[in-house]
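*Asks:* mmCIF, C-alpha atoms and all ligand atoms, saved as start_10.cif, coming up:
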```cif
data_work
#
loop_
_atom_site.label_atom_id
_atom_site.label_comp_id
_atom_site.auth_asym_id
_atom_site.auth_seq_id
_atom_site.Cartn_x
_atom_site.Cartn_y
_atom_site.Cartn_z
CA MET G 1 -6.02 -26.46 47.63
CA PRO G 2 -5.89 -22.74 48.50
CA GLN G 3 -9.19 -20.95 48.03
CA ALA G 4 -9.23 -18.06 45.52
CA VAL G 5 -10.88 -14.72 46.23
CA ILE G 6 -11.48 -11.60 44.21
CA SER G 7 -10.11 -8.90 46.49
CA GLY G 8 -10.25 -5.77 44.34
CA THR G 9 -11.27 -4.27 41.03
CA GLY G 10 -10.12 -1.12 39.21
CA LEU G 11 -11.58 0.95 36.41
CA TYR G 12 -10.01 3.27 33.84
CA GLN G 13 -12.73 5.54 32.48
CA PRO G 14 -11.88 7.39 29.25
CA PRO G 15 -12.12 11.20 29.27
CA HIS G 16 -14.71 11.75 26.52
CA VAL G 17 -18.44 10.98 26.27
CA ILE G 18 -20.27 10.62 22.95
CA THR G 19 -24.03 10.88 23.35
CA ASN G 20 -26.39 9.15 20.92
CA ALA G 21 -27.38 12.58 19.56
CA GLU G 22 -23.74 13.47 18.78
CA LEU G 23 -23.13 10.03 17.28
CA VAL G 24 -26.18 10.15 15.04
CA ALA G 25 -25.41 13.73 13.88
CA ALA G 26 -21.89 12.64 12.84
CA PHE G 27 -23.14 9.46 11.12
CA ASN G 28 -25.87 11.30 9.22
CA ALA G 29 -23.39 13.98 8.09
CA HIS G 30 -21.08 11.19 6.91
CA ALA G 31 -23.96 9.46 5.06
CA GLU G 32 -24.93 12.69 3.29
CA ARG G 33 -21.33 13.38 2.36
CA GLN G 34 -20.74 9.83 1.11
CA ASN G 35 -24.00 9.82 -0.87
CA ALA G 36 -22.94 13.07 -2.58
CA ILE G 37 -19.58 11.47 -3.50
CA ASP G 38 -21.37 8.35 -4.78
CA ALA G 39 -24.27 10.23 -6.42
CA ASP G 40 -23.60 8.95 -9.96
CA ALA G 41 -23.14 5.33 -8.88
CA ILE G 42 -26.30 5.56 -6.76
CA ALA G 43 -28.22 7.03 -9.74
CA ARG G 44 -26.98 4.16 -11.97
CA GLY G 45 -28.17 1.67 -9.34
CA GLU G 46 -24.61 0.39 -8.76
CA LYS G 47 -24.46 1.49 -5.14
CA ALA G 48 -27.03 1.71 -2.37
CA ALA G 49 -27.41 5.10 -0.74
CA LEU G 50 -26.56 5.20 2.97
CA THR G 51 -29.65 5.68 5.13
CA ALA G 52 -29.83 7.79 8.27
CA SER G 53 -29.36 6.52 11.81
CA SER G 54 -31.63 7.58 14.65
CA VAL G 55 -31.38 8.10 18.41
CA GLU G 56 -34.80 6.50 18.91
CA PHE G 57 -33.75 3.28 17.14
CA ILE G 58 -30.51 3.00 19.10
CA GLU G 59 -32.15 3.45 22.50
CA LYS G 60 -35.05 1.12 21.71
CA ALA G 61 -32.97 -1.63 20.07
CA SER G 62 -30.05 -1.65 22.51
CA GLY G 63 -30.67 0.42 25.67
CA ILE G 64 -27.45 2.39 24.98
CA LYS G 65 -27.61 6.16 25.64
CA GLN G 66 -23.93 7.16 25.45
CA ARG G 67 -20.42 5.74 25.43
CA TYR G 68 -16.96 6.76 26.68
CA VAL G 69 -14.09 7.00 24.21
CA ILE G 70 -10.39 7.75 24.48
CA GLU G 71 -10.45 10.03 21.41
CA LYS G 72 -13.59 11.75 20.21
CA ASP G 73 -12.79 14.22 17.41
CA GLY G 74 -11.72 11.61 14.85
CA VAL G 75 -14.81 9.48 15.54
CA LEU G 76 -17.16 12.43 15.03
CA ASP G 77 -15.38 13.83 11.95
CA PRO G 78 -17.72 12.86 9.05
CA ALA G 79 -14.69 12.65 6.73
CA ARG G 80 -12.85 10.23 9.05
CA MET G 81 -15.18 8.25 11.34
CA ARG G 82 -12.53 6.54 13.44
CA PRO G 83 -10.39 7.66 16.39
CA LYS G 84 -7.16 9.51 15.66
CA PHE G 85 -4.30 8.23 17.81
CA ALA G 86 -0.72 9.44 17.50
CA GLN G 87 1.70 6.63 16.73
CA ARG G 88 3.96 6.25 19.77
CA PRO G 89 7.69 5.48 19.61
CA ASP G 90 8.77 2.06 20.90
CA ASP G 91 10.26 3.55 24.06
CA GLN G 92 6.94 5.13 25.08
CA LEU G 93 4.24 3.22 26.97
CA SER G 94 1.69 1.89 24.48
CA LEU G 95 -1.94 3.00 24.75
CA MET G 96 -3.25 -0.41 25.87
CA ALA G 97 -0.53 -0.69 28.49
CA GLU G 98 -1.19 2.88 29.68
CA ILE G 99 -4.87 2.33 30.41
CA GLY G 100 -4.14 -1.22 31.63
CA ALA G 101 -1.56 0.01 34.14
CA ASP G 102 -4.03 2.64 35.40
CA ALA G 103 -6.78 0.06 36.03
CA CYS G 104 -4.24 -2.37 37.59
CA ARG G 105 -2.95 0.25 40.05
CA LYS G 106 -6.52 1.04 41.11
CA ALA G 107 -7.39 -2.67 41.53
CA LEU G 108 -4.26 -3.25 43.62
CA ALA G 109 -5.08 -0.24 45.82
CA ALA G 110 -8.62 -1.60 46.33
CA ALA G 111 -7.16 -4.99 47.31
CA GLY G 112 -4.64 -3.39 49.68
CA ARG G 113 -1.81 -4.85 47.61
CA THR G 114 1.24 -3.41 45.87
CA ALA G 115 2.82 -4.43 42.57
CA ALA G 116 5.48 -6.31 44.58
CA ASP G 117 2.76 -8.80 45.63
CA VAL G 118 1.79 -9.65 42.02
CA ASP G 119 2.95 -13.01 40.64
CA ALA G 120 1.20 -12.86 37.25
CA ILE G 121 -0.67 -10.50 34.92
CA PHE G 122 -3.10 -11.75 32.30
CA CYS G 123 -4.04 -9.11 29.74
CA ALA G 124 -7.37 -10.41 28.47
CA ALA G 125 -9.08 -8.34 25.76
CA SER G 126 -10.86 -8.63 22.43
CA ASN G 127 -8.02 -7.01 20.47
CA MET G 128 -4.29 -6.51 21.05
CA GLN G 129 -2.67 -3.44 19.56
CA ARG G 130 0.40 -5.37 18.42
CA ALA G 131 1.60 -8.92 18.04
CA TYR G 132 4.47 -8.78 20.55
CA PRO G 133 5.95 -8.18 23.05
CA ALA G 134 2.82 -9.03 25.04
CA ILE G 135 0.93 -6.02 26.41
CA ALA G 136 0.77 -7.86 29.77
CA VAL G 137 4.56 -7.81 29.99
CA GLU G 138 4.63 -4.08 29.28
CA ILE G 139 2.01 -3.50 32.01
CA GLN G 140 4.08 -5.68 34.34
CA GLN G 141 7.05 -3.37 33.82
CA ALA G 142 4.94 -0.18 34.00
CA ILE G 143 3.53 -1.03 37.44
CA GLY G 144 6.75 -2.63 38.71
CA ALA G 145 5.48 -6.20 39.19
CA GLY G 146 7.54 -9.40 39.12
CA GLY G 147 6.46 -12.85 37.96
CA TYR G 148 5.16 -13.25 34.43
CA GLY G 149 2.44 -11.99 32.10
CA PHE G 150 0.71 -13.02 28.90
CA ASP G 151 -2.01 -11.80 26.55
CA MET G 152 -5.16 -13.72 25.76
CA ASN G 153 -8.17 -13.08 23.55
CA VAL G 154 -11.57 -14.70 23.72
CA ALA G 155 -13.41 -11.58 22.46
CA CYS G 156 -16.24 -10.47 24.77
CA SER G 157 -15.51 -13.34 27.17
CA SER G 158 -11.80 -12.55 27.58
CA ALA G 159 -12.22 -11.25 31.15
CA THR G 160 -14.08 -14.22 32.60
CA PHE G 161 -11.78 -16.65 30.77
CA GLY G 162 -8.84 -14.72 32.27
CA ILE G 163 -10.37 -14.88 35.75
CA GLU G 164 -10.65 -18.67 35.46
CA GLN G 165 -6.93 -18.87 34.56
CA ALA G 166 -6.14 -16.66 37.57
CA VAL G 167 -8.30 -18.76 39.90
CA ASN G 168 -6.62 -21.94 38.64
CA ALA G 169 -3.15 -20.43 39.15
CA VAL G 170 -4.04 -19.51 42.75
CA ARG G 171 -5.66 -22.89 43.48
CA SER G 172 -2.73 -24.82 42.06
CA GLY G 173 -0.36 -22.77 44.19
CA SER G 174 1.64 -21.51 41.18
CA ALA G 175 0.66 -17.91 42.05
CA LYS G 176 -0.65 -16.19 45.15
CA CYS G 177 -1.81 -12.95 43.55
CA VAL G 178 -2.86 -12.47 39.91
CA LEU G 179 -4.03 -9.39 38.02
CA VAL G 180 -6.49 -9.86 35.16
CA VAL G 181 -6.68 -6.68 33.08
CA ASN G 182 -9.08 -5.85 30.22
CA PRO G 183 -8.04 -2.81 28.16
CA GLU G 184 -10.89 -2.60 25.66
CA ILE G 185 -10.19 0.09 23.05
CA THR G 186 -13.32 -0.89 21.15
CA SER G 187 -13.48 2.46 19.33
CA ALA G 188 -10.53 1.37 17.18
CA HIS G 189 -12.20 -1.80 15.88
CA LEU G 190 -15.79 -0.56 15.62
CA GLU G 191 -17.05 0.39 12.15
CA TRP G 192 -18.42 3.84 12.92
CA LYS G 193 -19.56 4.16 9.26
CA ASP G 194 -22.05 1.27 9.56
CA ARG G 195 -25.40 2.31 11.02
CA ASP G 196 -26.23 -1.29 12.00
CA CYS G 197 -23.47 -1.27 14.60
CA HIS G 198 -22.01 2.24 14.97
CA PHE G 199 -23.70 2.74 18.35
CA ILE G 200 -22.62 -0.51 19.99
CA PHE G 201 -19.25 -0.06 21.66
CA GLY G 202 -17.44 2.13 24.19
CA ASP G 203 -13.87 2.21 25.53
CA VAL G 204 -12.93 1.26 29.09
CA CYS G 205 -10.38 -0.81 31.01
CA THR G 206 -11.13 -3.00 34.03
CA ALA G 207 -8.73 -4.93 36.26
CA THR G 208 -9.40 -7.65 38.83
CA VAL G 209 -7.16 -8.93 41.61
CA VAL G 210 -7.51 -12.68 42.23
CA GLU G 211 -5.53 -13.93 45.22
CA SER G 212 -5.22 -16.67 47.76
CA ALA G 213 -7.75 -16.40 50.60
CA ASP G 214 -4.91 -17.36 52.98
CA THR G 215 -3.10 -14.09 52.41
CA ALA G 216 -5.86 -11.69 51.26
CA THR G 217 -6.39 -8.75 53.61
CA ALA G 218 -8.96 -6.56 51.79
CA ALA G 219 -12.18 -5.71 53.64
CA ASP G 220 -14.20 -6.51 50.51
CA GLN G 221 -13.51 -10.11 49.44
CA TRP G 222 -15.44 -12.44 47.14
CA GLU G 223 -14.89 -16.14 47.44
CA VAL G 224 -14.84 -17.77 43.98
CA LEU G 225 -17.14 -20.79 44.31
CA GLY G 226 -16.60 -21.87 40.72
CA THR G 227 -15.85 -20.85 37.15
CA ARG G 228 -17.17 -22.40 33.96
CA LEU G 229 -16.25 -21.70 30.33
CA VAL G 230 -17.69 -22.84 27.02
CA THR G 231 -17.04 -22.07 23.35
CA GLN G 232 -18.90 -22.97 20.17
CA PHE G 233 -17.70 -21.75 16.78
CA SER G 234 -19.81 -19.13 15.00
CA ASN G 235 -19.19 -16.58 12.24
CA ALA G 236 -22.07 -14.37 13.43
CA ILE G 237 -19.60 -11.98 15.12
CA ARG G 238 -16.33 -11.67 13.24
CA ASN G 239 -13.35 -9.40 12.57
CA ASN G 240 -10.82 -10.48 9.93
CA PHE G 241 -8.05 -8.05 10.92
CA GLY G 242 -4.78 -9.90 11.35
CA PHE G 243 -1.19 -10.43 10.40
CA ILE G 244 -2.01 -12.42 7.26
CA ASN G 245 -3.86 -9.40 5.75
CA ARG G 246 -0.71 -7.85 4.22
CA SER G 247 0.21 -11.06 2.48
CA GLU G 248 -3.28 -11.22 1.04
CA ASP G 249 -2.76 -7.69 -0.31
CA ALA G 250 -5.94 -6.79 1.56
CA ASP G 251 -7.19 -3.23 2.05
CA PRO G 252 -6.57 -2.40 5.74
CA LEU G 253 -9.72 -0.23 5.76
CA ALA G 254 -11.97 -2.88 4.18
CA ARG G 255 -15.24 -3.52 6.00
CA ASP G 256 -14.26 -7.02 7.12
CA LYS G 257 -11.21 -5.67 9.02
CA THR G 258 -13.46 -4.25 11.76
CA PHE G 259 -16.28 -5.63 13.91
CA ARG G 260 -19.17 -7.21 11.98
CA GLN G 261 -22.14 -9.09 13.29
CA GLU G 262 -25.53 -10.50 12.44
CA GLY G 263 -27.13 -8.82 15.46
CA ARG G 264 -30.47 -10.56 15.39
CA LYS G 265 -28.91 -14.03 14.95
CA VAL G 266 -26.50 -13.34 17.83
CA PHE G 267 -29.37 -12.21 20.00
CA LYS G 268 -31.45 -15.31 19.26
CA GLU G 269 -28.62 -17.83 19.58
CA VAL G 270 -26.73 -16.44 22.54
CA VAL G 271 -29.64 -15.74 24.92
CA PRO G 272 -30.65 -19.41 25.38
CA MET G 273 -26.99 -20.50 25.47
CA ALA G 274 -26.12 -18.02 28.22
CA ALA G 275 -29.18 -18.81 30.33
CA ALA G 276 -28.58 -22.57 30.06
CA HIS G 277 -24.89 -22.09 30.84
CA ILE G 278 -25.57 -20.14 34.04
CA GLU G 279 -28.25 -22.61 35.12
CA ALA G 280 -25.98 -25.62 34.55
CA HIS G 281 -23.04 -23.95 36.30
CA LEU G 282 -25.17 -23.15 39.34
CA ALA G 283 -26.69 -26.66 39.36
CA GLY G 284 -23.15 -28.08 39.39
CA LEU G 285 -22.56 -26.09 42.57
CA LYS G 286 -25.93 -27.23 43.97
CA LEU G 287 -27.31 -23.71 43.68
CA GLU G 288 -30.48 -22.30 42.12
CA PRO G 289 -30.68 -19.07 40.07
CA THR G 290 -33.25 -17.75 42.59
CA GLN G 291 -30.58 -17.93 45.32
CA MET G 292 -28.48 -15.34 43.46
CA ARG G 293 -28.56 -11.89 44.98
CA ARG G 294 -27.05 -10.40 41.82
CA PHE G 295 -26.24 -11.17 38.19
CA TRP G 296 -23.41 -9.09 36.73
CA LEU G 297 -24.13 -9.88 33.08
CA HIS G 298 -22.29 -9.03 29.90
CA GLN G 299 -23.44 -5.62 28.72
CA ALA G 300 -24.35 -5.91 25.02
CA ASN G 301 -28.06 -5.37 24.86
CA LEU G 302 -30.74 -4.53 27.41
CA GLY G 303 -33.25 -6.91 25.79
CA MET G 304 -30.76 -9.82 25.87
CA ASN G 305 -30.17 -9.37 29.59
CA GLN G 306 -33.89 -9.08 30.28
CA LEU G 307 -34.58 -12.33 28.44
CA ILE G 308 -31.73 -14.19 30.15
CA LEU G 309 -33.02 -13.06 33.55
CA LYS G 310 -36.55 -14.01 32.65
CA LYS G 311 -35.41 -17.51 31.68
CA LEU G 312 -33.41 -17.84 34.90
CA VAL G 313 -35.63 -16.31 37.56
CA GLY G 314 -38.70 -14.98 35.79
CA ALA G 315 -37.83 -11.35 36.53
CA GLU G 316 -36.99 -8.22 34.56
CA ALA G 317 -33.31 -7.26 34.37
CA GLY G 318 -32.10 -3.84 35.42
CA GLY G 319 -32.09 -2.25 38.80
CA ASP G 320 -31.26 -4.47 41.68
CA LEU G 321 -30.98 -8.03 40.34
CA ALA G 322 -28.98 -7.44 37.16
CA PRO G 323 -27.70 -3.87 37.11
CA LEU G 324 -27.00 -2.20 33.78
CA VAL G 325 -23.97 -0.14 32.91
CA LEU G 326 -24.77 -0.45 29.21
CA ASP G 327 -26.81 2.76 29.16
CA THR G 328 -23.83 4.95 30.13
CA TYR G 329 -20.84 2.88 28.92
CA ALA G 330 -22.36 0.96 25.94
CA ASN G 331 -20.88 -2.48 25.20
CA THR G 332 -17.32 -2.46 26.53
CA SER G 333 -16.64 -5.98 25.25
CA SER G 334 -15.01 -8.24 27.84
CA ALA G 335 -14.87 -5.47 30.45
CA GLY G 336 -18.68 -5.16 30.62
CA SER G 337 -19.55 -7.79 33.23
CA VAL G 338 -16.51 -6.85 35.36
CA LEU G 339 -17.53 -3.20 35.10
CA ALA G 340 -21.03 -4.10 36.37
CA PHE G 341 -19.38 -6.05 39.24
CA HIS G 342 -17.09 -3.07 39.95
CA GLU G 343 -19.91 -0.56 40.15
CA TYR G 344 -22.68 -2.64 41.73
CA ARG G 345 -21.51 -4.79 44.62
CA ALA G 346 -21.05 -2.42 47.59
CA ASP G 347 -24.57 -3.06 48.90
CA LEU G 348 -24.23 -6.86 49.12
CA LYS G 349 -23.89 -8.52 52.55
CA PRO G 350 -21.59 -11.35 53.71
CA GLY G 351 -22.97 -14.64 52.41
CA ASP G 352 -24.71 -13.02 49.40
CA LEU G 353 -24.21 -14.94 46.16
CA GLY G 354 -23.80 -13.66 42.60
CA VAL G 355 -22.69 -14.58 39.08
CA VAL G 356 -20.42 -12.64 36.75
CA CYS G 357 -21.22 -13.84 33.22
CA SER G 358 -19.92 -12.80 29.81
CA PHE G 359 -21.01 -13.89 26.35
CA GLY G 360 -19.94 -12.94 22.86
CA ALA G 361 -17.90 -13.77 19.78
CA GLY G 362 -16.60 -17.29 19.39
CA TYR G 363 -19.28 -17.93 20.57
CA SER G 364 -17.82 -17.84 24.06
CA ILE G 365 -19.48 -17.83 27.47
CA GLY G 366 -17.76 -17.58 30.84
CA SER G 367 -19.25 -17.50 34.33
CA VAL G 368 -17.76 -16.87 37.76
CA VAL G 369 -19.90 -17.66 40.81
CA VAL G 370 -18.94 -15.64 43.89
CA ARG G 371 -19.95 -15.33 47.55
CA LYS G 372 -19.32 -12.17 49.56
CA LYS G 373 -17.05 -12.95 52.52
C1 LIG G 401 -27.49 -4.89 17.10
C2 LIG G 401 -28.92 -4.83 17.63
C3 LIG G 401 -29.06 -3.74 18.66
C4 LIG G 401 -29.85 -4.49 16.45
O1 LIG G 401 -31.19 -4.51 16.89
P1 LIG G 401 -32.31 -5.29 16.05
O2 LIG G 401 -33.58 -5.05 16.72
O3 LIG G 401 -31.86 -6.70 15.88
O4 LIG G 401 -32.32 -4.50 14.72
P2 LIG G 401 -32.05 -5.00 13.22
O5 LIG G 401 -30.57 -5.06 12.96
O6 LIG G 401 -32.85 -6.22 12.93
O7 LIG G 401 -32.64 -3.78 12.44
C5 LIG G 401 -34.03 -3.45 12.44
C6 LIG G 401 -34.27 -2.36 11.41
O8 LIG G 401 -33.65 -1.14 11.85
C7 LIG G 401 -32.73 -0.68 10.88
N1 LIG G 401 -31.57 -0.06 11.55
C8 LIG G 401 -30.40 -0.63 11.85
N2 LIG G 401 -29.58 0.26 12.43
C9 LIG G 401 -30.26 1.42 12.51
C10 LIG G 401 -29.96 2.69 13.02
N3 LIG G 401 -28.76 2.94 13.56
N4 LIG G 401 -30.89 3.65 12.95
C11 LIG G 401 -32.09 3.41 12.40
N5 LIG G 401 -32.44 2.22 11.90
C12 LIG G 401 -31.54 1.23 11.94
C13 LIG G 401 -32.33 -1.92 10.11
O9 LIG G 401 -31.85 -1.58 8.83
C14 LIG G 401 -33.63 -2.67 10.06
O10 LIG G 401 -34.45 -2.13 9.08
P3 LIG G 401 -35.42 -3.06 8.20
O11 LIG G 401 -36.35 -3.68 9.18
O12 LIG G 401 -36.05 -2.10 7.25
O13 LIG G 401 -34.51 -4.05 7.54
C15 LIG G 401 -29.33 -6.17 18.26
O14 LIG G 401 -29.55 -7.14 17.27
C16 LIG G 401 -28.29 -6.71 19.22
O15 LIG G 401 -27.90 -6.05 20.17
N6 LIG G 401 -27.90 -7.97 19.03
C17 LIG G 401 -26.97 -8.65 19.92
C18 LIG G 401 -25.67 -8.02 19.78
C19 LIG G 401 -24.62 -8.63 20.59
O16 LIG G 401 -24.80 -9.08 21.67
N7 LIG G 401 -23.46 -8.63 20.05
C20 LIG G 401 -22.37 -9.10 20.74
C21 LIG G 401 -21.30 -8.18 20.41
S1 LIG G 401 -20.05 -8.43 21.50
#
```
Render the structure in this file as structure tokens.

*Replies:*
Amino acid sequence: MPQAVISGTGLYQPPHVITNAELVAAFNAHAERQNAIDADAIARGEKAALTASSVEFIEKASGIKQRYVIEKDGVLDPARMRPKFAQRPDDQLSLMAEIGADACRKALAAAGRTAADVDAIFCAASNMQRAYPAIAVEIQQAIGAGGYGFDMNVACSSATFGIEQAVNAVRSGSAKCVLVVNPEITSAHLEWKDRDCHFIFGDVCTATVVESADTATAADQWEVLGTRLVTQFSNAIRNNFGFINRSEDADPLARDKTFRQEGRKVFKEVVPMAAAHIEAHLAGLKLEPTQMRRFWLHQANLGMNQLILKKLVGAEAGGDLAPLVLDTYANTSSAGSVLAFHEYRADLKPGDLGVVCSFGAGYSIGSVVVRKK
């Protein structure tokens, strides 16, 4: 069986930053405005008044300091509180495909490959902007690749699940070079009007080239020693947006049509699952967590990553062992662990081992164990 390597990654970084201070100012202005509109209902006890958000809470509870977004003005407009994107005609590249193609081109350049080398593109993300044609097929055309493409969604674990499909395609010989791309436009499915979660997400797109070790030529290659995926159903993170909504005569702006979660429950349930998953995956490869030079973990919450690391190796996360991108990018859904891998791997030496691991809605957990060649 051909061996699979990761030979390049690419990152699309959106143009706008929203700091916690800007975010909180917009939310608090929205809350004041909404409370004034609802004043009578609040006075009658029929509605609860919205309470203020705070920078201190956000930083302490999550570790997030800012986030990147594709469109900022709509998000920070207290009367709107969601991005404002122009609807594009069908003959124009869609937004997901645009940022996906950008990240793919960068990943191919890093791998020393061109679009002509690509046999397959898997667009793996937590939301797709339309039902069909698949965004992956549009990206395929935009970059000029052959082969085939398809979309897949496993929420925050979409990227690692996509990497396993790419590794399997390379190992089976059905493809020699696969692009896995994660356009995460989280700003469009985050409920910016809910103080429990308005600080969580940021936009980004990552892309990963997985190819056969026989033909890979990049200087920076990562042998994939193994991948492991698991899912277990949970309603603790949920978004009910979908094609059935219109037949249910549902309000498209209703709260359940955007991201919702029971944050504390997710924290408590996912931390032990993720730690046990990584430990079992490594044990299956006859490896110990202490042999890992780096953990590129999903970027949802600083405290979650610290606890997972503590369970695995008894150390604090952050810095060298499990670098954080959460502070500057926030949670970028499935792109988070790939983003950490993209930004924090240049210092590793040949033979160094590491784990890319995602966890999130589903629940879903995916891990990819790699060795620097
Ligand atoms: C979301 C998360 C940061 C919240 O942190 P937390 O410590 O659990 O905080 P809680 O939601 O329990 O809220 C604690 C208190 O702060 C309040 N609070 C919530 N948001 C607030 C805000 N923006 N500003 C100020 N106070 C806030 C709550 O109302 C609550 O008040 P109470 O104690 O009076 O009821 C955390 O639970 C988390 O990250 N969970 C995992 C998320 C995750 O991985 N999700 C996966 C998504 S892909």

*Asks:* Which value, in Å to one decimal, gives the distance between atom CA of Gly366 of chain G and atom O5 of ligand LIG 401 (chain G)?

*Replies:* 25.3 Å

*Asks:* Need the shell around segment 113-118 of chain G: protein/DNA/RNA residues with any atom at most 7 Å away, counting only C-alpha atoms. Skip same-chain ones fewer than 3 positions apart. Format as a ChimeraX atom specification?

*Replies:* /G:108-109,143-147,177-178

*Asks:* Within 7 Å of ligand LIG 401 (chain G), which residues show up when you count all atoms listed in the file? List them as a list in words, please.

*Replies:*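 Those residues are Ala52, Ser53, Ser54, Phe57, Ile58, Ala61, Ser62, Cys156, Arg195, Asp196, Cys197, His198, Phe199, Ile237, Gln261, Gly263, Arg264, Val266, Phe267, Ala300, Asn301, Ser333, Gly360 and Ala361 of chain G.
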
*Asks:* Quick check, in Å to one decimal: how far apart do atom CA of Arg294 of chain G and atom CA of Gly336 of chain G lie?

*Replies:*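 Between these atoms lies a distance of 14.9 Å.
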
*Asks:* So, with all atoms listed in the file as the atoms that count, which of G:Pro83, G:Gly10, G:Gly303, G:Pro15 lies closest to Trp192 of chain G?

*Replies:*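 Closest candidate: G:Pro83.
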
*Asks:* Would you work out the distance separating atom CA of Leu93 of chain G from atom CA of Asp119 of chain G, expressed in Å to one decimal?

*Replies:*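 Atom-to-atom, atom CA of Leu93 of chain G to atom CA of Asp119 of chain G, that is 21.3 Å.
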
*Asks:* Which residue out of G:Thr208, G:Ser367, G:Ser337, G:Asn20 has the minimum interatomic distance to Lys60 of chain G when only C-alpha atoms are used?

*Replies:* G:Asn20
